[in-house]
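K.L.:
So that you have it, the file is target.txt, and it contains compact mmCIF, C-alpha atoms:
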# COMPACT_ATOMS: atom_id res chain seq x y z
CA MET A 1 0.00 0.00 0.00
CA LYS A 2 1.19 3.49 -0.83
CA HIS A 3 1.10 6.16 1.85
CA ARG A 4 -0.70 9.31 0.80
CA TYR A 5 -1.03 12.48 2.81
CA LEU A 6 -3.08 15.66 2.37
CA LYS A 7 -3.39 17.10 -1.14
CA ASN A 8 -2.44 20.60 -2.34
CA VAL A 9 -0.56 21.70 0.76
CA ALA A 10 3.16 21.44 0.00
CA THR A 11 5.04 24.73 -0.35
CA LEU A 12 7.40 23.28 -2.96
CA ASN A 13 8.08 25.50 -5.96
CA LEU A 14 10.35 24.90 -8.96
CA ILE A 15 11.58 27.90 -10.92
CA SER A 16 12.09 26.20 -14.23
CA SER A 17 14.01 29.05 -15.86
CA ARG A 18 16.82 28.61 -13.33
CA CYS A 19 17.01 24.82 -13.58
CA SER A 20 20.16 23.53 -15.19
CA GLY A 21 18.95 19.94 -15.32
CA CYS A 22 21.74 18.60 -13.11
CA GLY A 23 19.39 16.10 -11.50
CA LYS A 24 20.56 16.66 -7.93
CA CYS A 25 16.95 17.04 -6.74
CA LEU A 26 16.10 13.61 -8.11
CA GLU A 27 19.04 12.22 -6.17
CA VAL A 28 18.14 13.68 -2.78
CA CYS A 29 14.33 13.55 -2.84
CA PRO A 30 13.12 10.71 -0.59
CA HIS A 31 9.71 10.54 -2.26
CA ASN A 32 10.40 10.70 -6.01
CA VAL A 33 8.77 14.06 -6.49
CA PHE A 34 10.95 15.01 -9.47
CA LEU A 35 11.71 13.70 -12.93
CA LEU A 36 14.06 14.93 -15.63
CA GLU A 37 12.16 15.81 -18.78
CA GLY A 38 14.26 17.03 -21.63
CA ARG A 39 16.99 18.90 -19.83
CA LYS A 40 14.87 20.24 -17.00
CA SER A 41 13.61 18.89 -13.76
CA VAL A 42 9.85 18.77 -13.38
CA ILE A 43 7.62 18.14 -10.37
CA VAL A 44 5.66 14.99 -11.14
CA ASP A 45 3.73 14.67 -7.89
CA LYS A 46 3.78 17.60 -5.51
CA ASP A 47 1.47 15.81 -3.06
CA ARG A 48 4.26 13.37 -2.27
CA CYS A 49 6.46 16.23 -0.99
CA MET A 50 7.08 16.19 2.78
CA GLU A 51 8.90 19.54 2.79
CA CYS A 52 12.18 18.12 4.10
CA GLY A 53 14.10 20.77 2.16
CA ALA A 54 16.78 18.45 0.75
CA CYS A 55 16.18 19.52 -2.85
CA ALA A 56 16.33 23.26 -2.16
CA LYS A 57 19.47 22.81 -0.06
CA ASN A 58 21.21 20.86 -2.79
CA CYS A 59 20.13 22.80 -5.85
CA PRO A 60 23.28 24.54 -7.11
CA SER A 61 21.26 27.03 -9.17
CA ASN A 62 18.67 27.98 -6.54
CA ALA A 63 15.82 26.80 -8.70
CA LEU A 64 13.89 25.24 -5.84
CA GLU A 65 11.96 26.82 -3.03
CA VAL A 66 10.29 25.07 -0.15
CA LYS A 67 9.52 26.11 3.39
CA PRO A 68 11.16 23.26 5.28
CA GLY A 69 9.55 22.13 8.48
CA VAL A 70 8.78 19.16 10.66
CA GLY A 71 5.63 17.24 9.81
CA CYS A 72 5.11 16.47 13.48
CA ALA A 73 1.92 17.35 15.37
CA PHE A 74 3.66 17.12 18.74
CA ALA A 75 6.32 19.63 17.65
CA ILE A 76 3.61 22.00 16.41
CA ILE A 77 1.69 21.72 19.72
CA MET A 78 4.88 22.45 21.66
CA GLY A 79 5.49 25.38 19.33
CA TRP A 80 2.00 26.73 20.06
CA LEU A 81 2.43 26.27 23.80
CA THR A 82 5.89 27.78 24.04
CA GLY A 83 5.46 30.37 21.31
CA THR A 84 8.50 29.13 19.39
CA GLU A 85 9.05 27.68 15.96
CA PRO A 86 8.13 24.01 15.93
CA ASN A 87 11.27 21.92 15.96
CA CYS A 88 12.20 18.32 16.33
CA ASP A 89 13.29 18.52 19.91
CA CYS A 90 11.65 15.63 21.68
CA SER A 91 13.15 14.43 24.87
CA PRO A 92 12.28 11.28 26.76
CA GLY A 93 9.21 11.53 28.92
CA SER A 94 7.94 14.56 27.07
CA GLY A 95 5.57 12.32 25.16
CA GLY A 96 7.16 13.20 21.88
CA SER A 97 8.15 10.66 19.37
CA CYS A 98 9.57 12.24 16.29
CA CYS A 99 13.21 11.41 16.70
CA MET B 1 50.97 26.72 16.29
CA GLN B 2 51.86 23.32 14.93
CA ILE B 3 48.59 22.02 13.65
CA SER B 4 50.25 19.50 11.33
CA SER B 5 51.64 17.54 14.25
CA ARG B 6 48.21 16.71 15.62
CA GLU B 7 47.78 13.03 16.10
CA LEU B 8 45.31 11.07 14.06
CA LYS B 9 42.69 9.46 16.25
CA ILE B 10 41.03 6.44 14.74
CA ILE B 11 38.58 4.36 16.75
CA PRO B 12 38.24 0.67 15.79
CA THR B 13 34.78 -0.85 15.46
CA SER B 14 33.22 -3.91 13.81
CA SER B 15 30.15 -5.09 11.99
CA GLU B 16 29.26 -7.42 14.85
CA LEU B 17 26.58 -6.23 17.23
CA THR B 18 26.99 -7.53 20.76
CA PHE B 19 24.17 -8.46 23.08
CA ARG B 20 24.65 -5.09 24.78
CA ASP B 21 24.20 -3.20 21.50
CA ILE B 22 20.98 -5.06 20.75
CA TRP B 23 19.69 -4.61 24.29
CA GLY B 24 20.47 -0.89 24.01
CA THR B 25 18.42 -0.63 20.82
CA TRP B 26 15.54 -2.48 22.46
CA LYS B 27 15.61 -0.10 25.42
CA ALA B 28 15.71 2.94 23.16
CA ARG B 29 12.68 1.63 21.27
CA TRP B 30 10.81 1.64 24.59
CA GLY B 31 12.02 5.13 25.37
CA ILE B 32 14.51 4.06 28.04
CA GLY B 33 17.74 6.06 28.00
CA ARG B 34 17.03 7.06 24.42
CA MET B 35 18.74 10.43 24.66
CA ALA B 36 21.86 8.87 26.20
CA PHE B 37 22.19 6.18 23.51
CA ILE B 38 25.17 7.81 21.84
CA VAL B 39 28.62 7.13 20.42
CA GLU B 40 31.60 9.41 20.39
CA PRO B 41 31.86 11.61 17.27
CA GLY B 42 35.02 11.01 15.26
CA LEU B 43 36.65 8.70 12.74
CA TYR B 44 36.11 4.94 13.03
CA ARG B 45 37.56 2.13 11.00
CA ILE B 46 35.74 -1.04 10.13
CA GLY B 47 37.74 -3.95 8.70
CA THR B 48 41.16 -2.92 7.43
CA PRO B 49 40.62 0.24 5.38
CA ASP B 50 43.42 1.99 3.50
CA ASN B 51 43.70 5.38 1.85
CA ASN B 52 41.46 4.26 -1.03
CA SER B 53 38.65 2.97 1.14
CA PRO B 54 35.24 4.67 1.16
CA VAL B 55 34.30 7.16 3.87
CA LEU B 56 30.77 6.72 5.23
CA VAL B 57 29.23 9.55 7.22
CA SER B 58 26.86 8.81 10.11
CA ALA B 59 25.23 10.37 13.17
CA ASN B 60 26.22 9.81 16.78
CA TYR B 61 22.86 8.29 17.76
CA LYS B 62 23.99 4.77 18.56
CA MET B 63 21.03 3.19 16.79
CA SER B 64 22.05 5.00 13.58
CA PHE B 65 25.70 4.02 13.96
CA ASP B 66 24.86 0.39 14.78
CA SER B 67 22.42 0.01 11.90
CA LEU B 68 25.18 1.25 9.59
CA ARG B 69 28.03 -0.92 10.84
CA LYS B 70 26.00 -4.12 11.04
CA GLU B 71 25.54 -3.91 7.25
CA LEU B 72 29.29 -3.65 6.64
CA ASN B 73 30.35 -7.23 7.21
CA GLY B 74 33.40 -7.86 5.03
CA VAL B 75 33.69 -4.21 3.98
CA ASN B 76 36.80 -2.16 4.68
CA ALA B 77 35.70 1.40 5.25
CA TRP B 78 36.04 4.54 7.30
CA ILE B 79 33.03 5.79 9.26
CA LEU B 80 32.92 9.48 10.05
CA VAL B 81 30.53 10.06 12.95
CA LEU B 82 29.20 13.60 13.22
CA ASP B 83 28.12 15.15 16.50
CA THR B 84 24.33 15.26 16.14
CA LYS B 85 23.66 15.38 19.89
CA GLY B 86 22.48 11.79 19.87
CA ILE B 87 19.83 12.34 17.19
CA ASN B 88 19.42 10.12 14.13
CA VAL B 89 20.52 11.23 10.66
CA TRP B 90 17.15 12.29 9.24
CA CYS B 91 15.90 14.24 12.25
CA ALA B 92 19.31 15.80 12.83
CA ALA B 93 19.48 16.82 9.17
CA GLY B 94 16.11 18.54 9.59
CA LYS B 95 17.44 20.38 12.62
CA GLY B 96 20.69 21.21 10.87
CA THR B 97 22.97 19.46 13.38
CA PHE B 98 23.70 16.83 10.75
CA GLY B 99 24.72 19.69 8.53
CA THR B 100 27.18 21.26 6.14
CA GLN B 101 29.05 23.06 8.90
CA GLU B 102 29.40 20.04 11.18
CA LEU B 103 30.54 17.81 8.31
CA VAL B 104 33.19 20.29 7.17
CA ASN B 105 34.39 20.83 10.75
CA ARG B 106 34.46 17.12 11.57
CA MET B 107 36.46 16.27 8.44
CA SER B 108 38.97 18.89 9.49
CA ILE B 109 39.12 17.73 13.13
CA VAL B 110 39.85 14.11 12.16
CA GLN B 111 42.20 15.30 9.36
CA LEU B 112 40.41 13.21 6.81
CA GLU B 113 42.63 14.53 4.04
CA LYS B 114 45.57 12.71 5.66
CA VAL B 115 43.67 9.44 6.07
CA VAL B 116 42.41 8.99 2.53
CA SER B 117 43.93 9.95 -0.80
CA HIS B 118 40.59 10.33 -2.60
CA ARG B 119 38.30 13.29 -1.97
CA THR B 120 34.85 11.72 -1.67
CA VAL B 121 32.55 11.15 1.29
CA ILE B 122 29.37 9.09 1.21
CA VAL B 123 26.52 10.75 3.09
CA PRO B 124 23.27 8.88 3.70
CA GLN B 125 20.59 10.29 1.43
CA LEU B 126 18.39 11.22 4.39
CA GLY B 127 21.18 13.56 5.49
CA ALA B 128 20.49 15.76 2.45
CA PRO B 129 18.03 18.12 4.21
CA GLY B 130 21.00 19.27 6.30
CA ILE B 131 23.91 18.92 3.94
CA SER B 132 24.43 21.05 0.90
CA ALA B 133 26.75 18.97 -1.26
CA HIS B 134 28.06 21.83 -3.39
CA LEU B 135 28.80 23.99 -0.33
CA VAL B 136 30.71 21.14 1.34
CA THR B 137 32.85 20.82 -1.79
CA LYS B 138 33.43 24.56 -1.87
CA ALA B 139 34.51 24.63 1.78
CA SER B 140 36.55 21.43 1.98
CA GLY B 141 37.39 20.13 -1.45
CA PHE B 142 35.59 16.91 -0.65
CA LYS B 143 32.86 15.74 -2.97
CA VAL B 144 29.64 14.54 -1.33
CA VAL B 145 27.98 11.50 -2.84
CA PHE B 146 24.54 10.76 -1.43
CA GLY B 147 24.26 7.09 -0.63
CA PRO B 148 21.17 4.93 -0.35
CA VAL B 149 18.38 5.59 2.16
CA ARG B 150 18.93 2.26 3.91
CA ALA B 151 22.30 1.03 5.14
CA LYS B 152 21.52 -2.48 3.93
CA ASP B 153 21.87 -1.26 0.33
CA LEU B 154 25.36 0.15 0.93
CA LYS B 155 27.31 -2.88 -0.24
CA GLU B 156 25.35 -2.94 -3.49
CA PHE B 157 25.77 0.84 -3.81
CA ILE B 158 29.54 0.54 -3.48
CA LYS B 159 29.60 -2.39 -5.90
CA LEU B 160 27.69 -0.32 -8.49
CA GLY B 161 30.43 2.31 -8.28
CA LEU B 162 28.62 4.63 -5.85
CA LYS B 163 25.39 4.60 -7.82
CA ALA B 164 22.01 4.27 -6.15
CA THR B 165 18.98 2.83 -7.90
CA THR B 166 15.59 4.55 -7.64
CA GLU B 167 14.59 1.74 -5.29
CA MET B 168 17.53 2.58 -3.00
CA ARG B 169 16.56 6.25 -3.11
CA THR B 170 12.96 5.79 -2.00
CA VAL B 171 11.83 5.90 1.60
CA LYS B 172 9.59 3.04 2.64
CA PHE B 173 7.42 2.83 5.69
CA ASN B 174 6.20 -0.75 5.81
CA THR B 175 4.18 -2.44 8.53
CA TYR B 176 7.25 -3.55 10.46
CA ASP B 177 8.83 -0.08 10.24
CA ARG B 178 5.66 1.34 11.78
CA LEU B 179 5.27 -1.39 14.39
CA VAL B 180 8.74 -0.83 15.90
CA LEU B 181 7.84 2.82 16.47
CA THR B 182 4.72 2.10 18.51
CA PRO B 183 6.25 1.19 21.91
CA VAL B 184 7.71 4.66 22.33
CA GLU B 185 4.31 6.14 21.44
CA LEU B 186 2.69 4.07 24.17
CA VAL B 187 5.35 4.97 26.72
CA GLY B 188 4.80 8.62 25.84
CA THR B 189 1.22 8.41 27.10
CA PHE B 190 2.05 6.91 30.52
CA LYS B 191 2.45 10.19 32.34
CA ILE B 192 -0.77 11.77 31.10
CA SER B 193 -2.65 8.47 31.63
CA LEU B 194 -1.54 8.36 35.26
CA MET B 195 -2.78 11.91 35.71
CA ILE B 196 -6.16 11.00 34.23
CA PHE B 197 -6.42 7.98 36.55
CA GLY B 198 -5.57 10.25 39.47
CA VAL B 199 -8.35 12.68 38.58
CA LEU B 200 -10.90 9.89 38.15
CA PHE B 201 -9.85 8.42 41.50
CA LEU B 202 -10.32 11.80 43.18
CA LEU B 203 -13.76 12.16 41.58
CA ASN B 204 -14.63 8.72 42.96
CA LEU B 205 -13.53 9.84 46.42
CA LEU B 206 -15.66 12.97 46.11
CA GLY B 207 -18.62 10.79 45.23
CA ILE B 208 -18.95 12.18 41.72
CA GLY B 209 -17.85 8.86 40.22
CA PRO B 210 -18.17 6.00 40.17
CA PHE B 211 -15.49 5.34 37.62
CA GLY B 212 -14.63 1.69 37.35
CA LEU B 213 -13.26 -1.11 35.27
CA VAL B 214 -15.27 -0.22 32.16
CA ASP B 215 -13.81 3.28 32.10
CA LEU B 216 -10.34 1.87 32.59
CA TYR B 217 -10.39 -0.55 29.69
CA ALA B 218 -12.38 1.86 27.50
CA TYR B 219 -9.62 4.43 27.94
CA LEU B 220 -6.72 1.99 27.59
CA GLY B 221 -8.32 0.58 24.46
CA ALA B 222 -8.58 4.06 22.95
CA VAL B 223 -4.88 4.61 23.73
CA VAL B 224 -3.86 1.34 22.08
CA VAL B 225 -6.06 2.16 19.07
CA GLY B 226 -4.36 5.55 18.68
CA CYS B 227 -0.78 4.53 19.45
CA VAL B 228 -0.54 1.05 17.99
CA LEU B 229 -3.50 -0.03 15.86
CA THR B 230 -3.79 3.13 13.76
CA PRO B 231 -0.04 3.28 12.99
CA VAL B 232 -0.01 -0.41 12.03
CA LEU B 233 -3.14 -0.15 9.83
CA LEU B 234 -2.16 3.32 8.56
CA PRO B 235 -2.25 2.89 4.76
CA TRP B 236 -5.41 0.79 4.80
CA ILE B 237 -7.59 3.32 6.59
CA PRO B 238 -9.17 5.10 3.61
CA VAL B 239 -8.78 8.74 4.72
CA ARG B 240 -5.65 10.90 4.57
CA ALA B 241 -5.52 12.93 7.77
CA PHE B 242 -3.98 10.97 10.66
CA ALA B 243 -6.51 12.34 13.16
CA TRP B 244 -9.32 11.06 10.95
CA LYS B 245 -7.70 7.65 10.72
CA GLY B 246 -7.48 7.47 14.50
CA TRP B 247 -11.02 8.82 14.96
CA ILE B 248 -12.55 6.14 12.73
CA LEU B 249 -10.87 3.28 14.57
CA GLY B 250 -11.58 4.98 17.90
CA PHE B 251 -15.25 5.25 16.99
CA ILE B 252 -15.38 1.55 16.20
CA TRP B 253 -13.77 0.92 19.59
CA ALA B 254 -16.30 3.15 21.38
CA VAL B 255 -19.19 1.28 19.76
CA ALA B 256 -17.50 -1.99 20.76
CA VAL B 257 -17.28 -0.85 24.39
CA ASN B 258 -20.99 -0.13 24.44
CA VAL B 259 -21.81 -3.41 22.73
CA LEU B 260 -19.64 -5.29 25.24
CA ASN B 261 -21.80 -3.75 27.92
CA GLY B 262 -25.10 -4.94 26.56
CA TRP B 263 -26.00 -2.44 23.85
CA ASN B 264 -27.59 -4.29 20.95
CA TRP B 265 -29.69 -1.63 19.20
CA THR B 266 -32.86 -2.83 20.95
CA ALA B 267 -31.62 -2.76 24.51
CA VAL B 268 -29.64 0.09 26.06
CA PRO B 269 -26.30 -0.72 27.69
CA GLU B 270 -26.09 -1.71 31.33
CA TYR B 271 -25.30 1.90 31.97
CA SER B 272 -27.40 4.84 30.88
CA ILE B 273 -27.63 6.18 27.36
CA LEU B 274 -25.89 9.38 28.54
CA ARG B 275 -22.83 7.44 29.52
CA ALA B 276 -22.91 5.44 26.29
CA LEU B 277 -23.02 8.71 24.36
CA GLY B 278 -20.26 10.06 26.56
CA TYR B 279 -17.98 7.22 25.44
CA LEU B 280 -18.81 7.94 21.81
CA PHE B 281 -17.77 11.56 22.32
CA ILE B 282 -14.63 10.90 24.38
CA LEU B 283 -12.94 7.73 23.08
CA PRO B 284 -12.67 8.51 19.34
CA PRO B 285 -10.98 11.90 19.87
CA ILE B 286 -8.46 10.31 22.27
CA SER B 287 -7.46 7.87 19.53
CA ALA B 288 -7.56 10.71 16.99
CA PHE B 289 -5.19 12.85 19.04
CA LEU B 290 -2.68 10.05 19.58
CA ALA B 291 -2.86 9.03 15.92
CA MET B 292 -2.26 12.64 14.94
CA ASN B 293 0.91 12.63 17.02
CA PHE B 294 2.17 9.72 14.94
CA THR B 295 2.70 12.21 12.09
CA GLY B 296 6.03 12.94 13.77
CA SER B 297 7.09 9.32 13.47
CA SER B 298 5.90 8.92 9.92
CA THR B 299 8.13 9.43 6.91
CA PHE B 300 5.81 11.28 4.56
CA THR B 301 3.90 14.06 6.34
CA SER B 302 4.73 17.68 5.58
CA PHE B 303 4.66 20.60 7.98
CA SER B 304 1.98 22.36 5.90
CA GLY B 305 -0.14 19.22 5.86
CA VAL B 306 0.08 18.55 9.58
CA LEU B 307 -0.71 22.20 10.32
CA LYS B 308 -3.80 22.07 8.10
CA GLU B 309 -4.96 18.85 9.72
CA MET B 310 -4.40 20.22 13.24
CA ARG B 311 -6.28 23.46 12.65
CA ARG B 312 -9.40 21.38 12.17
CA ALA B 313 -8.70 18.40 14.39
CA VAL B 314 -7.53 20.10 17.59
CA PRO B 315 -10.66 22.25 18.15
CA ALA B 316 -12.91 19.31 17.20
CA ILE B 317 -11.08 17.05 19.65
CA ILE B 318 -11.40 19.55 22.48
CA ILE B 319 -15.12 20.19 21.82
CA SER B 320 -15.95 16.50 21.55
CA ILE B 321 -14.09 15.49 24.72
CA THR B 322 -15.63 18.39 26.66
CA LEU B 323 -19.11 17.37 25.53
CA GLY B 324 -18.44 13.77 26.50
CA ILE B 325 -17.17 14.74 29.95
CA VAL B 326 -20.27 16.91 30.51
CA LEU B 327 -22.54 14.02 29.50
CA ILE B 328 -20.79 11.61 31.86
CA LEU B 329 -20.76 14.05 34.76
CA VAL B 330 -24.46 14.90 34.21
CA ASN B 331 -25.12 11.17 34.18
CA SER B 332 -23.29 10.72 37.51
CA PHE B 333 -25.29 13.51 39.12
CA ILE B 334 -28.63 12.19 37.90
CA LEU B 335 -27.99 8.69 39.27
Please rewrite the model in this file as structure tokens.

P.N.:
Amino acid sequence: MKHRYLKNVATLNLISSRCSGCGKCLEVCPHNVFLLEGRKSVIVDKDRCMECGACAKNCPSNALEVKPGVGCAFAIIMGWLTGTEPNCDCSPGSGGSCC
Amino acid sequence: MQISSRELKIIPTSSELTFRDIWGTWKARWGIGRMAFIVEPGLYRIGTPDNNSPVLVSANYKMSFDSLRKELNGVNAWILVLDTKGINVWCAAGKGTFGTQELVNRMSIVQLEKVVSHRTVIVPQLGAPGISAHLVTKASGFKVVFGPVRAKDLKEFIKLGLKATTEMRTVKFNTYDRLVLTPVELVGTFKISLMIFGVLFLLNLLGIGPFGLVDLYAYLGAVVVGCVLTPVLLPWIPVRAFAWKGWILGFIWAVAVNVLNGWNWTAVPEYSILRALGYLFILPPISAFLAMNFTGSSTFTSFSGVLKEMRRAVPAIIISITLGIVLILVNSFIL
């Protein structure tokens, strides 16, 4: 069975005019979001994106934009409660489980 | 300053896991000493590597390091362990501790350029959210090759001349992967569960109860549904939001609790209809909340997605549980 999460939410954006077609994004993406078509990378399934930020970080021509973040409800709750950015900072006994 | 005279420190290790290593992993899975399950950052050798041997980068969470080295039976390699504060590669990459800066610094600290004659390091693919390959090269001269997602594919990856197949590049999250993550979810609920039991006990003492065995197993069942059953059945529950997945199974559980207590659509349960309704309002959102928290353990949820889900689920959960508690308390006062 394939895992599918919510549709039309990912902040991933590919600026095609900057893409040099090096294929680095295909290499680092854990969910096969990209494909090389012709000499450009294209997003084949944006809904598979988990916003890890690997592609943007490794794009030598800055053609990719994504707001990286943790897809972790517990981190978001802690962020709401403490008024900080949600981060993956679980410690034992805190009830968290992300790392 | 004579930096060149610094001694090379190389720590020997092996692909064999001892009983203690395996016991340590088991404990960490249950949330025992998880944050202290670490190895020393630095350069390790496995087998008898020489200056042509591959350099594999890892995190200093011992479970990460162990799952790497146990796949290297018969391989001669260097392992460069970064200081990720005891966090695994993927999470640490997200935080940035498994990052460009730490990799460049660590290579310099261990004087990697003196240990190997080539200029390539193999970084696990899931380290990519933290490591910018082109910036590492710019800063250190070392080329970063992203290896497979799973350490078990490393031998094949090396054999293919440092090439990963699409299969090796794809994250999986199969039933077993999900099952091993559930104990720590359960353990995470202990503290709050004890507090709930304490409150119910106090209410009993005050005569507002009586809360008894049915409440106990109804609650524990909802916890197991949210922490274990929903994660295990995850892809088969035909909705996308994790809270929804948990709510559906939790609802089935709540109906089951009422049926177990004599509700058969013609007869009411042994307890009043108010209490039966109370269970239907309280138990599903408990499972929903715990299932929602499993987003953090999953491998495919995005921040934007979880936020969207939570903006709807959290208020609904609070309203439903409040309603349920009111129903049950009203029921206790009437009787």

K.L.:
Within 9 Å of stretch 11-17 of chain A, counting all atoms listed in the file, which residues qualify if same-chain residues fewer than 2 places away don't, as a PyMOL selection string?

P.N.:
(chain A and resi 8-9+19-20+40-43+46+49+51+53+56+62-68) or (chain B and resi 304)

K.L.:
Choose the residue, out of B:Val121, B:Leu290, B:Val306, B:Ile319, that has the smallest atom-to-atom separation from A:Ala75; count only C-alpha atoms.

P.N.:
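Nearest to A:Ala75: B:Val306.
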
K.L.:
For chain B, which residue out of A:Asp47, A:Cys72, A:Leu26, A:Lys7 is the nearest one, using only C-alpha atoms?

P.N.:
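Nearest to chain B: A:Cys72.
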
K.L.:
Contacts from chain B to chain A, 6 Å maximum, all atoms listed in the file: show me the residue list as a short mmCIF file (atom, residue, chain, number, x, y, z; two decimals) with C-alpha atoms, keeping the file's coordinate frame.

P.N.:
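Once everything was written out, this is selection_39.cif:
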data_model
loop_
_atom_site.label_atom_id
_atom_site.label_comp_id
_atom_site.auth_asym_id
_atom_site.auth_seq_id
_atom_site.Cartn_x
_atom_site.Cartn_y
_atom_site.Cartn_z
CA CYS B 91 15.90 14.24 12.25
CA GLN B 125 20.59 10.29 1.43
CA ALA B 128 20.49 15.76 2.45
CA PRO B 129 18.03 18.12 4.21
CA SER B 132 24.43 21.05 0.90
CA THR B 170 12.96 5.79 -2.00
CA VAL B 171 11.83 5.90 1.60
CA GLY B 188 4.80 8.62 25.84
CA PRO B 235 -2.25 2.89 4.76
CA ARG B 240 -5.65 10.90 4.57
CA ASN B 293 0.91 12.63 17.02
CA THR B 295 2.70 12.21 12.09
CA GLY B 296 6.03 12.94 13.77
CA SER B 297 7.09 9.32 13.47
CA PHE B 300 5.81 11.28 4.56
CA THR B 301 3.90 14.06 6.34
CA SER B 302 4.73 17.68 5.58
CA PHE B 303 4.66 20.60 7.98
CA SER B 304 1.98 22.36 5.90
CA GLY B 305 -0.14 19.22 5.86
CA VAL B 306 0.08 18.55 9.58
#

K.L.:
Can you find the residues with an atom no farther than 12 Å from (-16.3, 6.4, 40.9), counting all atoms listed in the file, and report them as a ChimeraX atom specification?

P.N.:
/B:197-216,328-329,332-333

K.L.:
From the list B:Ile109, B:Val259, B:Ile282, B:Val55, which residue is nearest B:Val144 when using only C-alpha atoms?

P.N.:
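The shortest atom-to-atom distance to B:Val144 comes from B:Val55.
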
K.L.:
Taking all listed atoms of stretch 14-21 of chain A, build the axis-aligned box, pad each of the six sides by 3 Å, then write its centre and edge lengths in Å to one decimal as JSON.

P.N.:
{"center_x": 15.3, "center_y": 24.5, "center_z": -12.4, "size_x": 15.8, "size_y": 15.1, "size_z": 12.9}

K.L.:
Find the residues around B:Gly24 up to 9 Å (only C-alpha atoms counted), leave out those fewer than 2 positions away in its own chain, and share them as a list of chain:residue names.

P.N.:
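Non-adjacent residues within range: B:Phe19, B:Arg20, B:Asp21, B:Ile22, B:Trp26, B:Lys27, B:Ala28, B:Arg29, B:Ile32, B:Gly33, B:Arg34, B:Phe37, B:Lys62, B:Met63.
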
K.L.:
Could you write out the selected residues, including C-alpha atoms, as a CSV table (one decimal), in the coordinates of the input?

P.N.:
chain,number,residue,atom,x,y,z
B,19,PHE,CA,24.2,-8.5,23.1
B,20,ARG,CA,24.6,-5.1,24.8
B,21,ASP,CA,24.2,-3.2,21.5
B,22,ILE,CA,21.0,-5.1,20.8
B,26,TRP,CA,15.5,-2.5,22.5
B,27,LYS,CA,15.6,-0.1,25.4
B,28,ALA,CA,15.7,2.9,23.2
B,29,ARG,CA,12.7,1.6,21.3
B,32,ILE,CA,14.5,4.1,28.0
B,33,GLY,CA,17.7,6.1,28.0
B,34,ARG,CA,17.0,7.1,24.4
B,37,PHE,CA,22.2,6.2,23.5
B,62,LYS,CA,24.0,4.8,18.6
B,63,MET,CA,21.0,3.2,16.8

K.L.:
Show me a table, sorted first by chain and then by increasing residue number, of the residues of stretch 54-79 of chain B having an atom at most 8 Å from stretch 41-45 of chain B, each with its shortest atom pair and the distance in Å to one decimal, counting only C-alpha atoms and written as CSV.

P.N.:
residue,atom,partner,partner_atom,distance
B:Ala59,CA,B:Pro41,CA,7.9
B:Asn60,CA,B:Pro41,CA,5.9
B:Asn76,CA,B:Arg45,CA,7.7
B:Ala77,CA,B:Arg45,CA,6.1
B:Trp78,CA,B:Arg45,CA,4.7
B:Ile79,CA,B:Tyr44,CA,4.9

K.L.:
List the neighbours of B:Leu82 out to 10 Å using only C-alpha atoms; skip same-chain residues closer than 6 positions along the sequence, and give me the result as a VMD selection string.

P.N.:
chain B and resid 39 to 43 57 to 61 89 97 to 99 102 to 107

K.L.:
Do you have the atom CA of A:Leu35-atom CA of B:Leu126 distance handy?

P.N.:
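So the answer is 18.7 Å.
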
K.L.:
Could you check how far atom CA of B:Asn261 sits from atom CA of B:Leu186, in Å to one decimal?

P.N.:
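Atom CA of B:Asn261 sits 26.0 Å away from atom CA of B:Leu186.
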
K.L.:
Give the answer as one residue: which of B:Val149, B:Leu280, B:Leu72, B:Ile131 has the shortest atom-to-atom distance to B:Ala92, using all atoms listed in the file?

P.N.:
B:Ile131

K.L.:
Stretch 155-161 of chain B: which residues within 10 Å, counting all atoms listed in the file, same-chain residues fewer than 2 positions away excluded, as a list of chain:residue names?

P.N.:
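Once the adjacent positions are removed, what remains is B:Pro54, B:Glu71, B:Leu72, B:Asn73, B:Gly74, B:Val75, B:Ile122, B:Gly147, B:Pro148, B:Ala151, B:Lys152, B:Asp153, B:Lys163, B:Ala164, B:Thr165, B:Met168.
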
K.L.:
Which residue gives the smallest distance to B:Ser272 among B:Asn88, B:Ser298, B:Asn331, B:Ser320, with only C-alpha atoms counted?

P.N.:
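Smallest distance to B:Ser272 is found for B:Asn331.
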
K.L.:
What gap, in Å, lies between atom CA of B:Arg150 and atom CA of B:Thr299?

P.N.:
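Separating atom CA of B:Arg150 from atom CA of B:Thr299 is a distance of 13.3 Å.
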